[in-house]
Amino acid sequence: MSLRHATLHQLRIFQAVADHSSFARAAEALHLSPPTLSLQVKQLSETVGQPLFEQLGKKIYLTAAGRTLAEACRDIESRLEQLSQDLAALQGVERGSLKLAILTTVKYTVPKLLGGFCAAHPGIDVAMVVGNRENLLQRLAANQDDLYIMGQPPEQMDVVCEDFADNPLVLVAPPNHPLVGQQHIAPRQLMNQPFIFREPGSGTRLTAEKFFASQGVVLKNRLEVGSNEAIKQTVAGGLGLAVLSATTVVAELALGELVQLDVEGFPLIRRWHVVYPRGKRLSPAALAFKEWLYRHRP
């Protein structure tokens, strides 16, 4: 067996199939025809001298050789990315790439900052992924991006975590709610009020539950909704109250679609954090964006 005849193109095709667990989805992602993709994987398998995939029913799985090759492909891709960053560093910060992963809630703040950064550094290629906390933690564990921006820092990972801005959480209600207009509402008055929550594991939800638990209040969970936009619409429709980041409800409060309740202890002050694996060597582009965040933070 000799891998000298294997090409980077074949390795990237193989990695795409491994990541998607599907030849069809990998072909679609790479904009290749399925026969072309299958031929490349077959040729790579012949070069390796062992089958890389096995099919059980309608699903495909990596063989032992496939798993070993997939791990090597990730190492190769990481080294090539580092080489790209090293070469870009020789040209200064105006070259290179930046990969960001941001929490869904941060999409109301960070993209505006990113727009200014891109205008100031047009030579930097930027890619941004928006996801919930679970998505970001998975990407962080796999070191898929340069920087991660989130509210609740991960406690079980060895990471660098630097806060850069406040993230106040407010309690909102529909305009016709009986508590609207009342001042200094005690948390215990919310004991039997229905609440609309994000999914379990959400940083906003964890913070709200921790606060109310400290007040001896058990909240009534009426619905769990997977996005802030859906929560806002649900609250506006009169189905319950919600704790949300103040940055997500600016327009709705201004239009009167939602009302912020004057609950004792609110707003709950959290912080936005820039997170990355400890020991990771940040590229000049990533360092420049981190500095930009601190200079232009809200």
# chains A, B, ... in the order shown; residues from 1 in each chain; ligands from 1
$ residues_around --residues "Val263 in chain A" --least-positions-apart "2" --cutoff "8 Å" --atoms "only C-alpha atoms" --output "ChimeraX atom specification"
/A:171,183-187,261,265-266
$ closest_atom_pairs --of "range 131-209 of chain A" --to "range 72-87 of chain A" --cutoff "12 Å" --atoms "only C-alpha atoms" --output "tab-separated table"
residue	atom	partner	partner_atom	distance
A:Ala142	CA	A:Arg74	CA	9.9
A:Asn143	CA	A:Ser78	CA	9.3
A:Gln144	CA	A:Ser78	CA	9.2
A:Asp145	CA	A:Ser78	CA	10.7
A:Asp146	CA	A:Glu81	CA	10.8
$ write_last_selection --atoms "C-alpha atoms" --output "short mmCIF file (atom, residue, chain, number, x, y, z; two decimals), in the first residue's frame"
data_model
loop_
_atom_site.label_atom_id
_atom_site.label_comp_id
_atom_site.auth_asym_id
_atom_site.auth_seq_id
_atom_site.Cartn_x
_atom_site.Cartn_y
_atom_site.Cartn_z
CA ALA A 142 -13.96 19.63 17.44
CA ASN A 143 -11.97 22.89 17.08
CA GLN A 144 -13.85 23.75 13.88
CA ASP A 145 -13.59 27.53 14.16
CA ASP A 146 -11.21 30.28 15.21
#
$ select_by_dssp --residues "range 153-289 of chain A" --states "strand (DSSP E or B)" --output "JSON, numbers by chain"
{"A": [159, 160, 161, 162, 163, 164, 165, 166, 167, 168, 169, 170, 171, 172, 173, 185, 194, 195, 196, 197, 220, 221, 222, 223, 224, 241, 242, 243, 244, 245, 259, 260, 263, 268, 269, 270, 271, 272, 273, 274, 275, 276, 277]}
$ residues_around --residues "Thr63 in chain A" --least-positions-apart "3" --cutoff "12 Å" --atoms "only C-alpha atoms" --output "list in words"
Ala18, Ser45, Gln50, Pro51, Leu52, Phe53, Glu54, Gln55, Leu56, Ile60, Gly66, Arg67, Thr68, Leu69 and Ala70 of chain A
$ residues_around --residues "Phe212 in chain A" --least-positions-apart "6" --cutoff "9 Å" --atoms "only C-alpha atoms" --output "ChimeraX atom specification"
/A:187-188,218-219
$ residues_around --residues "range 190-196 of chain A" --least-positions-apart "6" --cutoff "8 Å" --atoms "only C-alpha atoms" --output "PyMOL selection string"
chain A and resi 217-225+231+234-235+239-242
$ closest_atom_pairs --of "range 169-268 of chain A" --to "range 97-113 of chain A" --cutoff "9 Å" --atoms "only C-alpha atoms" --output "Markdown table"
| residue | atom | partner | partner_atom | distance |
| --- | --- | --- | --- | --- |
| A:Ser227 | CA | A:Thr104 | CA | 7.9 |
| A:Asn228 | CA | A:Thr105 | CA | 7.3 |
| A:Leu244 | CA | A:Thr105 | CA | 9.0 |
| A:Ser245 | CA | A:Thr105 | CA | 7.2 |
| A:Thr247 | CA | A:Tyr108 | CA | 6.4 |
| A:Thr248 | CA | A:Tyr108 | CA | 6.4 |
$ write_last_selection --atoms "all heavy atoms" --output "PDB file, in the first residue's frame"
ATOM      1  N   SER A 227     -36.231  28.872  19.264  1.00  0.00           N
ATOM      2  CA  SER A 227     -35.608  30.106  18.770  1.00  0.00           C
ATOM      3  C   SER A 227     -36.189  31.305  19.490  1.00  0.00           C
ATOM      4  O   SER A 227     -37.344  31.288  19.947  1.00  0.00           O
ATOM      5  CB  SER A 227     -35.828  30.269  17.266  1.00  0.00           C
ATOM      6  OG  SER A 227     -37.165  30.648  16.977  1.00  0.00           O
ATOM      7  N   ASN A 228     -35.395  32.368  19.580  1.00  0.00           N
ATOM      8  CA  ASN A 228     -35.867  33.596  20.218  1.00  0.00           C
ATOM      9  C   ASN A 228     -37.019  34.219  19.447  1.00  0.00           C
ATOM     10  O   ASN A 228     -37.951  34.780  20.038  1.00  0.00           O
ATOM     11  CB  ASN A 228     -34.720  34.602  20.331  1.00  0.00           C
ATOM     12  CG  ASN A 228     -33.662  34.146  21.312  1.00  0.00           C
ATOM     13  OD1 ASN A 228     -33.969  33.586  22.359  1.00  0.00           O
ATOM     14  ND2 ASN A 228     -32.408  34.371  20.984  1.00  0.00           N
ATOM     15  N   LEU A 244     -35.631  36.927  28.143  1.00  0.00           N
ATOM     16  CA  LEU A 244     -34.871  37.013  26.900  1.00  0.00           C
ATOM     17  C   LEU A 244     -33.764  38.050  27.032  1.00  0.00           C
ATOM     18  O   LEU A 244     -33.842  38.968  27.857  1.00  0.00           O
ATOM     19  CB  LEU A 244     -35.783  37.405  25.724  1.00  0.00           C
ATOM     20  CG  LEU A 244     -36.815  36.368  25.268  1.00  0.00           C
ATOM     21  CD1 LEU A 244     -37.814  37.008  24.309  1.00  0.00           C
ATOM     22  CD2 LEU A 244     -36.119  35.190  24.598  1.00  0.00           C
ATOM     23  N   SER A 245     -32.755  37.910  26.198  1.00  0.00           N
ATOM     24  CA  SER A 245     -31.715  38.926  26.135  1.00  0.00           C
ATOM     25  C   SER A 245     -32.330  40.236  25.652  1.00  0.00           C
ATOM     26  O   SER A 245     -33.120  40.264  24.706  1.00  0.00           O
ATOM     27  CB  SER A 245     -30.610  38.487  25.174  1.00  0.00           C
ATOM     28  OG  SER A 245     -29.703  39.553  24.945  1.00  0.00           O
ATOM     29  N   THR A 247     -31.106  42.475  23.947  1.00  0.00           N
ATOM     30  CA  THR A 247     -30.745  42.797  22.567  1.00  0.00           C
ATOM     31  C   THR A 247     -31.710  42.195  21.563  1.00  0.00           C
ATOM     32  O   THR A 247     -31.815  42.675  20.437  1.00  0.00           O
ATOM     33  CB  THR A 247     -29.323  42.288  22.249  1.00  0.00           C
ATOM     34  OG1 THR A 247     -29.286  40.865  22.409  1.00  0.00           O
ATOM     35  CG2 THR A 247     -28.298  42.929  23.160  1.00  0.00           C
ATOM     36  N   THR A 248     -32.448  41.155  21.976  1.00  0.00           N
ATOM     37  CA  THR A 248     -33.338  40.470  21.036  1.00  0.00           C
ATOM     38  C   THR A 248     -34.719  41.096  20.956  1.00  0.00           C
ATOM     39  O   THR A 248     -35.491  40.764  20.061  1.00  0.00           O
ATOM     40  CB  THR A 248     -33.501  38.984  21.412  1.00  0.00           C
ATOM     41  OG1 THR A 248     -34.266  38.892  22.629  1.00  0.00           O
ATOM     42  CG2 THR A 248     -32.156  38.308  21.598  1.00  0.00           C
TER      43      THR A 248
END
$ closest_residue --among "A:His20, A:Gly123, A:Arg133, A:Val160" --to "Arg281 in chain A" --atoms "only C-alpha atoms"
A:Val160
$ residues_around --residues "Gly151 in chain A" --least-positions-apart "4" --cutoff "7 Å" --atoms "only C-alpha atoms" --output "count of residues only"
4
$ select_by_dssp --residues "range 64-286 of chain A" --states "alpha helix (DSSP H)" --output "number ranges by chain"
A: 64-91, 110-120, 133-141, 203-214, 228-236, 250-255, 284-286
$ atom_distance --atom1 "CA of Glu199 in chain A" --atom2 "CA of Ala254 in chain A"
26.6 Å
$ closest_residue --among "A:Glu264, A:Ala64, A:Phe23, A:Asp125" --to "Ser38 in chain A" --atoms "only C-alpha atoms"
A:Phe23
$ atom_distance --atom1 "CA of Glu155 in chain A" --atom2 "CA of Lys232 in chain A"
29.1 Å
$ atom_distance --atom1 "CA of Gly279 in chain A" --atom2 "CA of His296 in chain A"
26.0 Å
